[in-house]
$ cat coords32.tsv   # TSV, C-alpha atoms
chain	number	residue	atom	x	y	z
A	1	MET	CA	0.00	0.00	0.00
A	2	PRO	CA	1.27	3.53	-0.72
A	3	ARG	CA	2.45	5.59	2.23
A	4	ILE	CA	0.31	8.71	2.10
A	5	GLN	CA	0.22	11.75	4.36
A	6	ILE	CA	-2.74	14.15	4.36
A	7	VAL	CA	-2.48	17.88	5.05
A	8	THR	CA	-5.17	20.49	5.62
A	9	ASP	CA	-5.76	23.69	7.61
A	10	SER	CA	-7.68	24.37	10.80
A	11	GLY	CA	-10.75	25.62	8.93
A	12	ALA	CA	-11.67	22.01	8.14
A	13	ARG	CA	-14.37	20.49	10.29
A	14	PHE	CA	-14.87	16.77	10.93
A	15	SER	CA	-18.09	15.08	11.98
A	16	ASN	CA	-15.87	12.62	13.86
A	17	PRO	CA	-12.86	14.40	15.43
A	18	ARG	CA	-11.16	11.04	16.03
A	19	LEU	CA	-10.46	10.90	12.30
A	20	VAL	CA	-7.32	12.99	12.65
A	21	ARG	CA	-6.01	10.70	15.41
A	22	HIS	CA	-6.59	7.48	13.51
A	23	PHE	CA	-5.20	8.57	10.13
A	24	PRO	CA	-2.00	10.38	9.04
A	25	VAL	CA	-3.54	13.87	8.97
A	26	THR	CA	-1.55	17.02	9.75
A	27	ILE	CA	-3.45	20.26	10.41
A	28	LEU	CA	-1.75	23.63	10.02
A	29	PRO	CA	-3.49	26.44	11.94
A	30	ASN	CA	-5.00	29.49	10.29
A	31	LEU	CA	-4.38	32.81	12.00
A	32	ILE	CA	-7.50	34.73	13.01
A	33	GLU	CA	-7.06	38.46	13.48
A	34	ILE	CA	-9.74	39.98	15.71
A	35	GLY	CA	-9.49	43.52	17.02
A	36	GLY	CA	-5.86	43.80	15.95
A	37	LYS	CA	-4.79	40.65	17.80
A	38	ARG	CA	-3.88	37.38	16.09
A	39	TYR	CA	-4.78	33.91	17.32
A	40	GLN	CA	-3.95	30.44	16.03
A	41	GLU	CA	-7.26	28.75	15.26
A	42	GLY	CA	-7.77	25.72	17.46
A	43	ILE	CA	-4.63	26.43	19.50
A	44	ASP	CA	-4.95	29.89	21.07
A	45	LEU	CA	-8.73	29.90	20.68
A	46	ASN	CA	-11.27	27.10	20.58
A	47	THR	CA	-14.31	27.53	18.35
A	48	GLU	CA	-16.64	28.76	21.08
A	49	GLU	CA	-14.14	31.38	22.23
A	50	ALA	CA	-13.63	32.54	18.66
A	51	PHE	CA	-17.38	32.90	18.13
A	52	GLU	CA	-17.68	34.97	21.31
A	53	LEU	CA	-14.88	37.31	20.24
A	54	MET	CA	-16.34	37.72	16.75
A	55	ALA	CA	-19.80	38.49	18.11
A	56	ARG	CA	-18.33	41.00	20.58
A	57	HIS	CA	-16.20	42.71	17.94
A	58	GLY	CA	-19.10	42.82	15.45
A	59	ARG	CA	-17.03	42.64	12.26
A	60	PRO	CA	-15.60	39.75	10.26
A	61	PRO	CA	-12.09	38.81	11.40
A	62	LYS	CA	-9.23	38.51	8.97
A	63	ILE	CA	-8.25	34.91	8.23
A	64	ILE	CA	-4.59	34.40	7.38
A	65	PRO	CA	-3.91	30.93	5.96
A	66	PRO	CA	-0.68	28.99	6.43
A	67	SER	CA	2.05	30.62	4.37
A	68	GLU	CA	4.00	29.23	1.44
A	69	HIS	CA	6.91	28.71	3.85
A	70	ASP	CA	4.67	26.84	6.32
A	71	TYR	CA	3.51	24.43	3.62
A	72	ALA	CA	6.96	24.00	2.06
A	73	GLU	CA	8.51	23.16	5.42
A	74	LEU	CA	5.79	20.61	6.20
A	75	TYR	CA	5.82	19.02	2.72
A	76	ALA	CA	9.62	18.66	2.85
A	77	ARG	CA	9.46	16.97	6.25
A	78	LEU	CA	6.66	14.59	5.28
A	79	SER	CA	8.30	13.71	1.95
A	80	HIS	CA	11.14	11.91	3.75
A	81	PHE	CA	8.88	9.05	4.86
A	82	CYS	CA	5.95	8.87	2.45
A	83	ASP	CA	5.19	8.27	-1.22
A	84	ALA	CA	2.67	11.09	-1.60
A	85	VAL	CA	1.22	14.07	0.22
A	86	ILE	CA	-2.41	15.05	-0.40
A	87	SER	CA	-2.97	18.63	0.68
A	88	VAL	CA	-6.64	19.64	0.88
A	89	HIS	CA	-7.39	23.38	0.88
A	90	PRO	CA	-10.39	25.68	1.17
A	91	SER	CA	-11.77	27.18	-2.02
A	92	ARG	CA	-9.23	29.25	-3.92
A	93	GLU	CA	-12.05	31.77	-4.48
A	94	LEU	CA	-12.11	32.52	-0.76
A	95	SER	CA	-8.58	31.86	0.50
A	96	ASP	CA	-4.93	32.05	-0.60
A	97	SER	CA	-4.27	28.68	1.04
A	98	TRP	CA	-4.39	26.69	-2.22
A	99	ARG	CA	-2.03	29.12	-3.99
A	100	ASN	CA	0.41	28.98	-1.09
A	101	GLY	CA	0.32	25.19	-1.22
A	102	ARG	CA	0.89	25.12	-4.98
A	103	ARG	CA	3.95	27.35	-4.75
A	104	ALA	CA	5.29	25.36	-1.82
A	105	ALA	CA	4.91	22.05	-3.66
A	106	HIS	CA	7.28	23.26	-6.39
A	107	GLN	CA	9.99	23.77	-3.79
A	108	VAL	CA	10.07	20.17	-2.63
A	109	ASN	CA	12.53	17.89	-4.39
A	110	GLY	CA	12.55	14.11	-4.46
A	111	GLY	CA	10.26	11.29	-5.46
A	112	CYS	CA	7.34	12.21	-3.22
A	113	GLU	CA	4.29	13.36	-5.18
A	114	ILE	CA	2.48	16.35	-3.70
A	115	ALA	CA	-1.14	16.79	-4.79
A	116	VAL	CA	-2.55	20.20	-3.86
A	117	VAL	CA	-6.35	19.95	-4.00
A	118	ASP	CA	-8.81	22.84	-4.12
A	119	SER	CA	-11.82	21.48	-2.23
A	120	GLN	CA	-14.05	24.21	-3.73
A	121	SER	CA	-15.56	24.20	-0.26
A	122	LEU	CA	-14.92	25.17	3.34
A	123	CYS	CA	-15.32	23.67	6.78
A	124	ALA	CA	-17.16	20.32	6.63
A	125	GLY	CA	-16.59	20.01	2.88
A	126	GLN	CA	-12.85	19.99	3.50
A	127	GLY	CA	-13.33	17.46	6.27
A	128	MET	CA	-15.27	15.13	3.98
A	129	LEU	CA	-12.45	15.19	1.43
A	130	ILE	CA	-9.98	14.31	4.19
A	131	ARG	CA	-12.14	11.33	5.07
A	132	VAL	CA	-12.29	10.27	1.41
A	133	ALA	CA	-8.49	10.53	1.18
A	134	ALA	CA	-7.95	8.55	4.39
A	135	ARG	CA	-10.23	5.71	3.29
A	136	ALA	CA	-8.80	5.60	-0.22
A	137	ALA	CA	-5.26	5.45	1.19
A	138	GLN	CA	-6.24	2.32	3.11
A	139	GLU	CA	-8.08	0.64	0.24
A	140	LEU	CA	-6.26	1.53	-3.00
A	141	ASP	CA	-2.90	0.23	-4.15
A	142	SER	CA	-1.38	3.34	-5.75
A	143	ALA	CA	-0.95	6.98	-4.81
A	144	GLU	CA	-2.27	7.99	-8.24
A	145	ALA	CA	-5.53	6.13	-7.60
A	146	VAL	CA	-5.94	7.77	-4.20
A	147	ILE	CA	-5.33	11.26	-5.60
A	148	HIS	CA	-7.77	10.61	-8.45
A	149	THR	CA	-10.42	9.47	-5.97
A	150	VAL	CA	-10.03	12.65	-3.91
A	151	ARG	CA	-10.18	14.96	-6.93
A	152	GLN	CA	-13.30	13.18	-8.24
A	153	ALA	CA	-15.03	13.63	-4.88
A	154	VAL	CA	-14.70	17.43	-5.01
A	155	ASN	CA	-17.65	17.68	-7.41
A	156	ARG	CA	-19.89	15.62	-5.12
A	157	ILE	CA	-19.72	17.92	-2.10
A	158	TYR	CA	-22.53	20.39	-1.43
A	159	SER	CA	-23.10	22.81	1.45
A	160	VAL	CA	-25.94	25.19	2.33
A	161	TYR	CA	-26.54	27.46	5.31
A	162	CYS	CA	-29.36	29.60	6.62
A	163	ILE	CA	-27.99	32.85	8.08
A	164	GLU	CA	-29.80	34.63	10.92
A	165	ASP	CA	-27.55	37.73	11.12
A	166	VAL	CA	-26.60	39.17	7.71
A	167	SER	CA	-23.93	41.61	8.94
A	168	PHE	CA	-20.96	39.39	8.01
A	169	LEU	CA	-22.46	38.56	4.60
A	170	ARG	CA	-22.77	42.29	3.94
A	171	ALA	CA	-19.27	43.13	5.21
A	172	ASN	CA	-17.73	40.34	3.12
A	173	GLY	CA	-19.52	41.52	-0.05
A	174	PHE	CA	-21.80	38.48	-0.40
A	175	MET	CA	-24.90	40.68	-0.07
A	176	LYS	CA	-25.50	44.18	-1.40
A	177	PRO	CA	-25.91	46.72	1.41
A	178	SER	CA	-29.46	47.55	0.32
A	179	HIS	CA	-30.43	43.85	0.34
A	180	ALA	CA	-28.80	43.31	3.72
A	181	ILE	CA	-30.61	46.28	5.26
A	182	LEU	CA	-33.94	45.09	3.86
A	183	SER	CA	-33.34	41.53	5.06
A	184	ALA	CA	-32.49	42.72	8.55
A	185	HIS	CA	-35.52	45.05	8.66
A	186	LEU	CA	-37.95	42.36	7.49
A	187	GLU	CA	-36.19	39.61	9.48
A	188	ILE	CA	-35.60	37.64	6.30
A	189	MET	CA	-32.87	35.01	6.51
A	190	PRO	CA	-30.62	34.38	3.48
A	191	PHE	CA	-30.15	30.80	2.35
A	192	VAL	CA	-26.62	30.49	0.96
A	193	SER	CA	-24.82	27.80	-0.98
A	194	LEU	CA	-21.20	27.07	-1.79
A	195	GLU	CA	-21.18	26.78	-5.57
A	196	ASP	CA	-17.97	26.47	-7.60
A	197	GLY	CA	-16.09	27.55	-4.50
A	198	GLN	CA	-18.08	30.75	-4.00
A	199	ILE	CA	-20.67	31.73	-1.39
A	200	ILE	CA	-23.91	32.64	-3.15
A	201	VAL	CA	-27.27	33.72	-1.75
A	202	ILE	CA	-29.74	31.44	-3.54
A	203	GLU	CA	-32.99	32.38	-1.78
A	204	LYS	CA	-34.44	33.97	1.34
A	205	ILE	CA	-36.48	32.44	4.15
A	206	ARG	CA	-39.14	34.58	5.80
A	207	ASN	CA	-40.06	32.38	8.75
A	208	ARG	CA	-37.57	30.84	11.18
A	209	GLY	CA	-39.85	27.83	11.40
A	210	ASP	CA	-39.12	27.17	7.72
A	211	VAL	CA	-35.37	26.74	8.26
A	212	ILE	CA	-35.59	23.06	9.14
A	213	GLU	CA	-38.05	22.42	6.34
A	214	ARG	CA	-35.78	24.05	3.76
A	215	LEU	CA	-32.67	22.20	4.92
A	216	VAL	CA	-34.51	18.88	4.85
A	217	GLU	CA	-35.83	19.69	1.36
A	218	PHE	CA	-32.25	20.31	0.23
A	219	LEU	CA	-31.10	16.93	1.54
A	220	VAL	CA	-33.94	14.86	0.09
A	221	GLU	CA	-32.94	16.05	-3.39
A	222	PHE	CA	-30.12	13.49	-3.17
A	223	THR	CA	-30.80	9.86	-3.96
A	224	GLU	CA	-28.00	8.47	-1.80
A	225	LEU	CA	-25.50	10.08	0.53
A	226	GLU	CA	-21.98	8.90	1.24
A	227	ASP	CA	-21.48	11.38	4.05
A	228	ALA	CA	-23.52	14.11	5.72
A	229	VAL	CA	-23.23	16.46	8.68
A	230	VAL	CA	-25.41	19.13	10.28
A	231	LEU	CA	-23.55	22.39	11.06
A	232	GLN	CA	-24.67	24.59	13.92
A	233	ASP	CA	-23.50	27.66	15.83
A	234	GLN	CA	-23.12	26.04	19.25
A	235	LYS	CA	-21.25	23.11	20.74
A	236	LEU	CA	-24.19	21.29	22.34
A	237	ILE	CA	-26.95	19.98	20.10
A	238	SER	CA	-29.58	22.61	19.33
A	239	GLU	CA	-33.31	21.95	19.29
A	240	GLU	CA	-33.34	22.67	15.54
A	241	THR	CA	-30.67	20.06	14.94
A	242	ARG	CA	-32.50	17.50	17.07
A	243	ILE	CA	-35.72	18.02	15.11
A	244	MET	CA	-33.84	17.88	11.81
A	245	GLN	CA	-32.18	14.59	12.76
A	246	ASP	CA	-35.59	13.10	13.58
A	247	ARG	CA	-36.96	14.24	10.23
A	248	LEU	CA	-33.96	12.93	8.31
A	249	ALA	CA	-34.12	9.54	10.06
A	250	LEU	CA	-37.48	9.06	8.34
A	251	GLU	CA	-36.24	10.25	4.95
A	252	PHE	CA	-32.95	8.29	5.04
A	253	PRO	CA	-33.41	5.10	7.10
A	254	GLY	CA	-30.05	3.88	8.38
A	255	GLN	CA	-28.19	7.08	7.41
A	256	HIS	CA	-26.31	8.82	10.22
A	257	PHE	CA	-26.53	12.63	10.47
A	258	PRO	CA	-23.97	13.76	13.06
A	259	PHE	CA	-23.72	17.40	14.08
A	260	THR	CA	-20.83	19.71	14.82
A	261	MET	CA	-20.16	23.39	15.34
A	262	TYR	CA	-18.92	24.99	12.13
A	263	SER	CA	-15.38	26.32	12.21
A	264	ALA	CA	-14.27	29.80	13.19
A	265	THR	CA	-12.89	30.20	9.68
A	266	MET	CA	-16.36	29.49	8.28
A	267	ALA	CA	-17.88	31.95	10.77
A	268	SER	CA	-15.59	34.67	9.44
A	269	TYR	CA	-17.58	34.49	6.19
A	270	LEU	CA	-21.09	33.71	7.40
A	271	GLY	CA	-21.18	35.10	10.93
A	272	THR	CA	-21.83	33.36	14.21
A	273	GLN	CA	-25.56	32.70	13.79
A	274	ALA	CA	-26.12	30.05	11.12
A	275	THR	CA	-27.42	26.54	10.63
A	276	GLY	CA	-26.40	24.39	7.70
A	277	VAL	CA	-25.75	21.00	6.21
A	278	ALA	CA	-22.93	19.56	4.14
A	279	VAL	CA	-23.21	16.38	2.10
A	280	LEU	CA	-21.04	14.12	0.01
A	281	GLU	CA	-23.21	12.55	-2.65
A	282	LYS	CA	-22.56	8.90	-3.39
A	283	GLU	CA	-20.87	8.21	-6.72
A	284	SER	CA	-23.36	7.52	-9.51
A	285	ASP	CA	-21.60	4.25	-10.34
A	286	ASP	CA	-22.57	3.03	-6.88
A	287	LEU	CA	-26.24	3.62	-7.52
A	288	ASP	CA	-28.55	0.96	-8.85
A	289	ASP	CA	-28.66	0.92	-12.62
A	290	ASP	CA	-32.17	0.54	-13.99
A	291	PHE	CA	-30.99	-0.31	-17.51

$ encode --input "coords32.tsv" --output "structure tokens"
Amino acid sequence: MPRIQIVTDSGARFSNPRLVRHFPVTILPNLIEIGGKRYQEGIDLNTEEAFELMARHGRPPKIIPPSEHDYAELYARLSHFCDAVISVHPSRELSDSWRNGRRAAHQVNGGCEIAVVDSQSLCAGQGMLIRVAARAAQELDSAEAVIHTVRQAVNRIYSVYCIEDVSFLRANGFMKPSHAILSAHLEIMPFVSLEDGQIIVIEKIRNRGDVIERLVEFLVEFTELEDAVVLQDQKLISEETRIMQDRLALEFPGQHFPFTMYSATMASYLGTQATGVAVLEKESDDLDDDF
């Protein structure tokens, strides 16, 4: 079996945190700048503390991804004892992480292949690709096959969120100021999607009671799911998440829908008051063929 190391940044979120302990995954921390002070995500600040600081400060923090030097140093170290490094990054449309990784990969000499992958996602989408990579590394007999499997999975990841407070969407340029003011005045909640690596407002929800219904509707559009996770803005399970899990248990018998708090990096784009879901659709070849 190929010896493969997996790299990502701290903006990734895993439905099962034990994943990074059971597989060869290295996480480099993003820097979060709030109120002129910088913190290492997940090291200096846990997610709850980061959310509290963001809410108190009232403006989106600056996210500084690992540098080209950070990636080059890590790739060079890992290359001494593995056949390939798979480096999974947040969308290049939203972060410089992928570009830093690409430049760093060119600096590493030797026979170790370094695959720098744009997840076209954030948060749980990154985490799902890490899980795909870890499983493929255990099951496939070549690094090329593992890398191909990871790249193919990128197009099967989908994420949507319902945003209660539009201030971060407005500040980040995802909503026009006039639309944000109107949404806040009418208490309309944007429903956003990550599409082609970009955050796009796809519709608006007028009633908070419709949030669960709309998220469930999104999920039942998929015939079969390989992976799924509910994202929420608190550590302990929310009542909305509990109701959603009950609804989804009826729609997808036997499918597990774990929950987790979305990452501080994700909150820097969406704000600290959101509920969402991320899914990895099962490959079409795995579905029953009616012909």

$ closest_residue --input "coords32.tsv" --among "A:Ala278, A:Ile43, A:Ala72, A:Leu94" --to "His106 of chain A" --atoms "only C-alpha atoms"
A:Ala72

$ residues_around --input "coords32.tsv" --residues "Ile4 of chain A" --least-positions-apart "2" --cutoff "10 Å" --atoms "only C-alpha atoms" --output "number ranges by chain"
A: 1-2, 6, 23-25, 78-79, 81-86, 112-114, 133-134, 136-138, 142-143, 146-147

$ closest_residue --input "coords32.tsv" --among "A:Asp210, A:Glu283, A:His256, A:Val7" --to "Thr223 of chain A" --atoms "all atoms listed in the file"
A:Glu283

$ closest_atom_pairs --input "coords32.tsv" --of "segment 17-69 of chain A" --to "segment 231-251 of chain A" --cutoff "9 Å" --atoms "all atoms listed in the file" --output "CSV"
residue,atom,partner,partner_atom,distance
A:Thr47,CA,A:Lys235,CA,8.6
A:Glu48,CA,A:Gln234,CA,7.3
A:Phe51,CA,A:Asp233,CA,8.4

$ atom_distance --input "coords32.tsv" --atom1 "atom CA of Asn30 of chain A" --atom2 "atom CA of Ile64 of chain A"
5.7 Å

$ closest_residue --input "coords32.tsv" --among "A:Leu194, A:Ala115, A:Ile199, A:Val154" --to "Met175 of chain A" --atoms "all atoms listed in the file"
A:Ile199

$ residues_near_point --input "coords32.tsv" --point "(-26.3, 22.8, 1.8)" --cutoff "10 Å" --atoms "only C-alpha atoms" --output "PyMOL selection string"
chain A and resi 157-162+191-195+214-216+218-219+228-231+275-279

$ axis_aligned_box --input "coords32.tsv" --around "segment 77-82 of chain A" --padding-each-side "8 Å" --output "AutoDock Vina command-line options"
--center_x 8.5 --center_y 12.9 --center_z 4.1 --size_x 21.2 --size_y 24.1 --size_z 20.3

$ closest_residue --input "coords32.tsv" --among "A:Ser10, A:Thr260, A:Thr149, A:Asn172" --to "Ile32 of chain A" --atoms "only C-alpha atoms"
A:Ser10

$ residues_near_point --input "coords32.tsv" --point "(-26.4, 37.8, 7.4)" --cutoff "9 Å" --atoms "only C-alpha atoms" --output "NGL selection string"
:A and (162-170 or 175 or 180 or 183-184 or 189-190 or 270-271 or 273-274)

$ closest_residue --input "coords32.tsv" --among "A:Arg92, A:Arg59, A:Lys282, A:Arg3" --to "Asp196 of chain A" --atoms "all atoms listed in the file"
A:Arg92

$ atom_distance --input "coords32.tsv" --atom1 "atom CA of Leu53 of chain A" --atom2 "atom CA of Thr265 of chain A"
12.9 Å

$ atom_distance --input "coords32.tsv" --atom1 "atom CA of Val220 of chain A" --atom2 "atom CA of Gln255 of chain A"
12.1 Å

$ closest_residue --input "coords32.tsv" --among "A:Arg131, A:Arg156, A:Arg102, A:His185" --to "Arg18 of chain A" --atoms "all atoms listed in the file"
A:Arg131
